[in-house]
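File shown: input.cif (mmCIF, C-alpha atoms and all ligand atoms).
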data_my_file
#
loop_
_atom_site.group_PDB
_atom_site.id
_atom_site.type_symbol
_atom_site.label_atom_id
_atom_site.label_comp_id
_atom_site.auth_asym_id
_atom_site.auth_seq_id
_atom_site.Cartn_x
_atom_site.Cartn_y
_atom_site.Cartn_z
ATOM 1 C CA MET C 579 14.570 -8.145 13.034
ATOM 2 C CA GLY C 580 14.506 -11.706 11.722
ATOM 3 C CA SER C 581 11.885 -13.190 14.031
ATOM 4 C CA CYS C 582 9.586 -10.169 14.316
ATOM 5 C CA ILE C 583 6.163 -10.952 12.836
ATOM 6 C CA PHE C 584 5.455 -7.316 11.963
ATOM 7 C CA CYS C 585 8.840 -6.982 10.205
ATOM 8 C CA LYS C 586 7.885 -10.094 8.237
ATOM 9 C CA ILE C 587 4.640 -8.392 7.213
ATOM 10 C CA VAL C 588 6.639 -5.309 6.125
ATOM 11 C CA ASP C 589 8.987 -7.519 4.082
ATOM 12 C CA GLY C 590 6.097 -9.442 2.507
ATOM 13 C CA ASP C 591 7.191 -12.665 4.236
ATOM 14 C CA ALA C 592 3.953 -12.936 6.248
ATOM 15 C CA PRO C 593 0.432 -12.174 5.028
ATOM 16 C CA ALA C 594 -1.640 -9.179 6.108
ATOM 17 C CA THR C 595 -4.568 -7.199 4.787
ATOM 18 C CA LYS C 596 -2.917 -3.873 4.059
ATOM 19 C CA ILE C 597 -4.840 -0.643 4.373
ATOM 20 C CA TYR C 598 -2.160 1.980 3.760
ATOM 21 C CA GLU C 599 1.534 2.085 2.976
ATOM 22 C CA ASP C 600 4.184 4.735 2.396
ATOM 23 C CA ASP C 601 7.981 4.789 2.665
ATOM 24 C CA ASP C 602 7.992 4.789 6.477
ATOM 25 C CA VAL C 603 4.644 3.501 7.701
ATOM 26 C CA LEU C 604 2.394 0.495 7.112
ATOM 27 C CA ALA C 605 -1.208 0.019 8.262
ATOM 28 C CA PHE C 606 -2.951 -3.362 8.174
ATOM 29 C CA LEU C 607 -5.939 -5.059 9.760
ATOM 30 C CA ASP C 608 -5.472 -6.673 13.150
ATOM 31 C CA ILE C 609 -5.769 -10.436 12.759
ATOM 32 C CA ARG C 610 -7.959 -10.644 15.891
ATOM 33 C CA PRO C 611 -10.016 -7.462 15.725
ATOM 34 C CA ILE C 612 -11.854 -6.112 18.748
ATOM 35 C CA MET C 613 -14.185 -4.298 16.347
ATOM 36 C CA ARG C 614 -14.621 -4.591 12.594
ATOM 37 C CA GLY C 615 -11.972 -2.331 11.061
ATOM 38 C CA HIS C 616 -9.474 -2.626 13.943
ATOM 39 C CA THR C 617 -6.243 -1.529 12.275
ATOM 40 C CA LEU C 618 -2.601 -1.472 13.351
ATOM 41 C CA VAL C 619 -0.219 1.281 12.235
ATOM 42 C CA ILE C 620 3.482 0.508 12.446
ATOM 43 C CA PRO C 621 6.813 2.093 11.571
ATOM 44 C CA LYS C 622 8.374 -0.031 8.824
ATOM 45 C CA LYS C 623 11.751 0.138 10.518
ATOM 46 C CA HIS C 624 11.773 -2.098 13.569
ATOM 47 C CA ALA C 625 11.427 -0.445 16.974
ATOM 48 C CA THR C 626 10.530 -2.679 19.899
ATOM 49 C CA GLU C 627 9.103 -0.052 22.236
ATOM 50 C CA LEU C 628 8.613 3.729 22.261
ATOM 51 C CA GLU C 629 12.029 3.902 23.915
ATOM 52 C CA ASP C 630 13.533 2.788 20.580
ATOM 53 C CA LEU C 631 11.312 4.879 18.302
ATOM 54 C CA PRO C 632 12.646 8.147 16.838
ATOM 55 C CA ALA C 633 10.214 10.962 17.659
ATOM 56 C CA ASP C 634 9.710 11.908 14.014
ATOM 57 C CA MET C 635 8.682 8.326 13.298
ATOM 58 C CA GLY C 636 6.139 8.501 16.120
ATOM 59 C CA THR C 637 4.750 11.616 14.435
ATOM 60 C CA LYS C 638 4.446 9.790 11.127
ATOM 61 C CA VAL C 639 2.721 6.801 12.741
ATOM 62 C CA PHE C 640 0.212 9.032 14.540
ATOM 63 C CA ARG C 641 -0.443 11.063 11.408
ATOM 64 C CA VAL C 642 -1.514 7.885 9.601
ATOM 65 C CA GLY C 643 -3.581 6.746 12.606
ATOM 66 C CA HIS C 644 -5.274 10.162 12.698
ATOM 67 C CA GLY C 645 -6.152 9.869 9.018
ATOM 68 C CA LEU C 646 -7.483 6.340 9.489
ATOM 69 C CA ALA C 647 -9.733 7.419 12.357
ATOM 70 C CA LEU C 648 -11.191 10.143 10.113
ATOM 71 C CA ALA C 649 -11.506 7.705 7.207
ATOM 72 C CA MET C 650 -13.397 5.238 9.408
ATOM 73 C CA ARG C 651 -15.930 7.977 10.174
ATOM 74 C CA ARG C 652 -16.395 8.415 6.440
ATOM 75 C CA SER C 653 -16.708 4.686 5.715
ATOM 76 C CA ASP C 654 -19.448 2.078 5.738
ATOM 77 C CA LEU C 655 -18.212 1.121 9.204
ATOM 78 C CA ASP C 656 -20.391 4.024 10.368
ATOM 79 C CA ALA C 657 -17.891 4.983 13.047
ATOM 80 C CA ASP C 658 -18.402 8.212 14.950
ATOM 81 C CA GLY C 659 -15.309 7.793 17.096
ATOM 82 C CA ALA C 660 -12.189 5.686 17.570
ATOM 83 C CA ASN C 661 -9.823 4.419 20.220
ATOM 84 C CA LEU C 662 -6.177 5.079 19.321
ATOM 85 C CA VAL C 663 -3.965 3.100 21.663
ATOM 86 C CA ILE C 664 -0.321 2.116 22.025
ATOM 87 C CA ASN C 665 0.453 -0.591 24.548
ATOM 88 C CA ASP C 666 4.069 0.312 25.261
ATOM 89 C CA GLY C 667 6.049 -2.433 26.968
ATOM 90 C CA LYS C 668 5.139 -5.792 28.491
ATOM 91 C CA SER C 669 3.872 -4.111 31.633
ATOM 92 C CA ALA C 670 1.328 -2.292 29.452
ATOM 93 C CA PHE C 671 0.208 -5.577 27.802
ATOM 94 C CA GLN C 672 2.300 -5.165 24.662
ATOM 95 C CA THR C 673 2.370 -8.655 23.141
ATOM 96 C CA VAL C 674 4.045 -7.985 19.782
ATOM 97 C CA PRO C 675 7.480 -6.405 20.313
ATOM 98 C CA HIS C 676 7.300 -3.962 17.358
ATOM 99 C CA VAL C 677 5.687 -0.579 18.099
ATOM 100 C CA HIS C 678 2.103 -0.435 16.827
ATOM 101 C CA LEU C 679 -0.753 2.019 17.134
ATOM 102 C CA HIS C 680 -4.184 0.414 17.437
ATOM 103 C CA VAL C 681 -6.956 2.299 15.632
ATOM 104 C CA ILE C 682 -10.282 0.848 16.734
ATOM 105 C CA PRO C 683 -13.441 2.304 15.211
ATOM 106 C CA ARG C 684 -16.253 3.108 17.642
ATOM 107 C CA ARG C 685 -19.909 3.894 17.225
ATOM 108 C CA SER C 686 -22.329 5.438 19.692
ATOM 109 C CA GLY C 687 -24.039 2.721 21.721
ATOM 110 C CA ASP C 688 -21.484 0.008 20.827
ATOM 111 C CA LYS C 689 -20.414 -0.639 24.439
ATOM 112 C CA LEU C 690 -21.740 -4.201 24.544
ATOM 113 C CA ARG C 691 -20.442 -5.011 21.066
ATOM 114 C CA PHE C 692 -17.038 -3.666 22.137
ATOM 115 C CA ALA C 693 -17.025 -5.809 25.298
ATOM 116 C CA LYS C 694 -17.984 -8.888 23.244
ATOM 117 C CA GLY C 695 -15.328 -8.082 20.631
ATOM 118 C CA PHE C 696 -12.722 -7.686 23.358
ATOM 119 C CA VAL C 697 -13.403 -11.254 24.499
ATOM 120 C CA LEU C 698 -14.075 -13.008 21.173
ATOM 121 C CA ARG C 699 -11.544 -11.166 18.944
ATOM 122 C CA ARG C 700 -13.112 -12.664 15.815
ATOM 123 C CA GLY C 701 -12.186 -11.555 12.305
ATOM 124 C CA GLY C 702 -14.769 -11.180 9.546
ATOM 125 C CA ASP C 703 -14.405 -10.536 5.840
ATOM 126 C CA ALA C 704 -11.059 -8.753 5.893
ATOM 127 C CA GLU C 705 -11.102 -7.781 2.207
ATOM 128 C CA ALA C 706 -14.551 -6.179 2.487
ATOM 129 C CA THR C 707 -13.457 -4.328 5.622
ATOM 130 C CA ALA C 708 -10.286 -3.081 3.916
ATOM 131 C CA THR C 709 -12.322 -1.911 0.919
ATOM 132 C CA ALA C 710 -14.679 0.006 3.226
ATOM 133 C CA ILE C 711 -11.826 1.795 5.028
ATOM 134 C CA LYS C 712 -10.081 2.621 1.746
ATOM 135 C CA ALA C 713 -13.326 4.116 0.435
ATOM 136 C CA GLY C 714 -13.393 6.275 3.583
ATOM 137 C CA MET C 715 -9.795 7.333 2.856
ATOM 138 C CA ASP C 716 -10.799 8.328 -0.683
ATOM 139 C CA ARG C 717 -13.708 10.387 0.708
ATOM 140 C CA LEU C 718 -11.361 12.075 3.188
ATOM 141 C CA GLU C 719 -8.862 12.854 0.456
ATOM 142 C CA SER C 720 -11.545 14.338 -1.784
ATOM 143 C CA GLU C 721 -12.479 16.763 1.024
ATOM 144 C CA HIS C 722 -8.937 18.115 1.025
ATOM 145 C CA LEU C 723 -8.631 18.626 -2.739
HETATM 146 P P1 LIG L 1 -0.580 -5.560 21.678
HETATM 147 O O1 LIG L 1 -1.229 -6.297 22.804
HETATM 148 O O2 LIG L 1 0.872 -5.945 21.490
HETATM 149 O O3 LIG L 1 -0.784 -4.078 21.764
HETATM 150 O O4 LIG L 1 -1.369 -6.007 20.379
HETATM 151 C C1 LIG L 1 -0.847 -6.832 19.385
HETATM 152 C C2 LIG L 1 -1.920 -6.953 18.345
HETATM 153 O O5 LIG L 1 -1.352 -7.573 17.201
HETATM 154 C C3 LIG L 1 -3.101 -7.813 18.779
HETATM 155 O O6 LIG L 1 -4.284 -7.055 18.665
HETATM 156 C C4 LIG L 1 -3.067 -9.012 17.840
HETATM 157 O O7 LIG L 1 -4.340 -9.473 17.474
HETATM 158 C C5 LIG L 1 -2.298 -8.466 16.660
HETATM 159 N N1 LIG L 1 -1.513 -9.472 15.948
HETATM 160 C C6 LIG L 1 -0.675 -10.394 16.502
HETATM 161 N N2 LIG L 1 -0.088 -11.140 15.543
HETATM 162 C C7 LIG L 1 -0.569 -10.660 14.359
HETATM 163 C C8 LIG L 1 -0.326 -11.033 13.000
HETATM 164 O O8 LIG L 1 0.435 -11.942 12.680
HETATM 165 N N3 LIG L 1 -0.995 -10.337 12.045
HETATM 166 C C9 LIG L 1 -1.854 -9.314 12.359
HETATM 167 N N4 LIG L 1 -2.465 -8.711 11.337
HETATM 168 N N5 LIG L 1 -2.096 -8.942 13.625
HETATM 169 C C10 LIG L 1 -1.465 -9.599 14.612
HETATM 170 ZN ZN ZN L 2 9.759 -5.720 13.818
#

What's the structure tokens form of this structure?
Amino acid sequence: MGSCIFCKIVDGDAPATKIYEDDDVLAFLDIRPIMRGHTLVIPKKHATELEDLPADMGTKVFRVGHGLALAMRRSDLDADGANLVINDGKSAFQTVPHVHLHVIPRRSGDKLRFAKGFVLRRGGDAEATATAIKAGMDRLESEHL
């Protein structure tokens, strides 16, 4: 889809801090994170809403989100939980019309930080954050060897 910002990120025509990529799925940092490490997982092939998303693609997107949530627990983000959320459709506050799964790392006692992040939506050092999550992914992978 020519005008879709997430398709542009997939095609390399718009910048993003990538966390993970395979043939079907891309994960990158949210530009306005609620919490440090807030990541979006998308199908590479455009689908506006869940209505348009093949079920097997939904499975692939969730699989990556699942892995990221585990990686965040094994990273310097010190997460011990995560919110995995899809806002499906305008009525559900979907603002970017390309299906995306939010993976938002959480830590015990972070309620106030989360509320502040929800309002401020400020990014930090994206490269350092990406490095931390990737290190968590490496740790996760080493557990499964
Ligand atoms: P929604 O409300 O549609 O579920 O969330 C869309 C998310 O996409 C928001 O959290 C917003 O910050 C993020 N976002 C919007 N435009 C861009 C962009 O160009 N790059 C990145 N990395 N994230 C974006
Ligand atoms: Zn798109």

Nearest to ligand ZN 2 (chain L), chosen from C:Gly645, C:Pro621, C:Gly687, C:Gly714, with all atoms listed in the file counted in the distances: C:Pro621

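Around ligand ZN 2 (chain L), using only C-alpha atoms and all ligand atoms and a cut-off of 8 Å, the residues in contact are Met579, Gly580, Ser581, Cys582, Ile583, Phe584, Cys585, Lys586, Lys622, Lys623, His624, Ala625, Thr626, Pro675, His676 and Val677 of chain C.
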
Environment of ligand LIG 1 (chain L) within 10 Å, counting only C-alpha atoms and all ligand atoms, reported as a ChimeraX atom specification: /C:582-584,586-587,592-596,605-612,616-618,663-668,670-680,696,699-701

Residue among C:Asp602, C:Asp658, C:Asp703, C:Asp688 lying closest to Ile620 of chain C, counting only C-alpha atoms: C:Asp602

Pairwise distance for atom CA of Val619 of chain C and atom CA of Val639 of chain C, rounded to one decimal in Å: 6.3 Å

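Interatomic distance, atom CA of Phe692 of chain C against atom CA of Met613 of chain C: 6.5 Å.
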
Nearest-residue call for Asp716 of chain C, choices C:Leu698, C:Ala704, C:Ile597, C:Ala660, using all atoms listed in the file: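 Checking each candidate against Asp716 of chain C, we get C:Ile597 as the closest.
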
Residue IDs satisfying the PyMOL selection byres (((chain C and resi 661) around 9) and not hetatm), as a PyMOL selection string: chain C and resi 647+659-660+662-663+680-684

Gap from atom CA of Arg717 of chain C to atom CA of Glu599 of chain C - Å, one decimal: 17.5 Å

Show me, as an mmCIF file with C-alpha atoms, in the coordinates of the input, the residues that have an atom within 6 Å of Leu718 of chain C when counting all atoms listed in the file, minus same-chain residues fewer than 3 positions from it.
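Saved the output as selection_12.cif:
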data_model
loop_
_atom_site.group_PDB
_atom_site.id
_atom_site.type_symbol
_atom_site.label_atom_id
_atom_site.label_comp_id
_atom_site.auth_asym_id
_atom_site.auth_seq_id
_atom_site.Cartn_x
_atom_site.Cartn_y
_atom_site.Cartn_z
ATOM 1 C CA ALA C 649 -11.506 7.705 7.207
ATOM 2 C CA MET C 715 -9.795 7.333 2.856
ATOM 3 C CA GLU C 721 -12.479 16.763 1.024
#

Using only C-alpha atoms: which of C:Ser686, C:Ser669, C:Ser653, C:Thr637 has the shortest distance to Gly615 of chain C: C:Ser653

Nearest to Asp600 of chain C by atom-to-atom distance, counting all atoms listed in the file, from C:Met650, C:Leu655, C:Val697, C:Val588: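 Ranking C:Met650, C:Leu655, C:Val697, C:Val588 by distance to Asp600 of chain C, first place goes to C:Val588.
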
Around all of segment 622-638 of chain C's listed atoms, make the axis-aligned box with 5 Å on each side and tell me centre and edge lengths in Å to one decimal, as lines of an AutoDock Vina configuration file.
center_x = 9.0
center_y = 4.6
center_z = 16.4
size_x = 19.1
size_y = 24.6
size_z = 25.1

Closest of C:Leu631, C:Ala657, C:Arg641, C:Arg614 to Gly695 of chain C - atom-to-atom distances counting only C-alpha atoms: C:Arg614
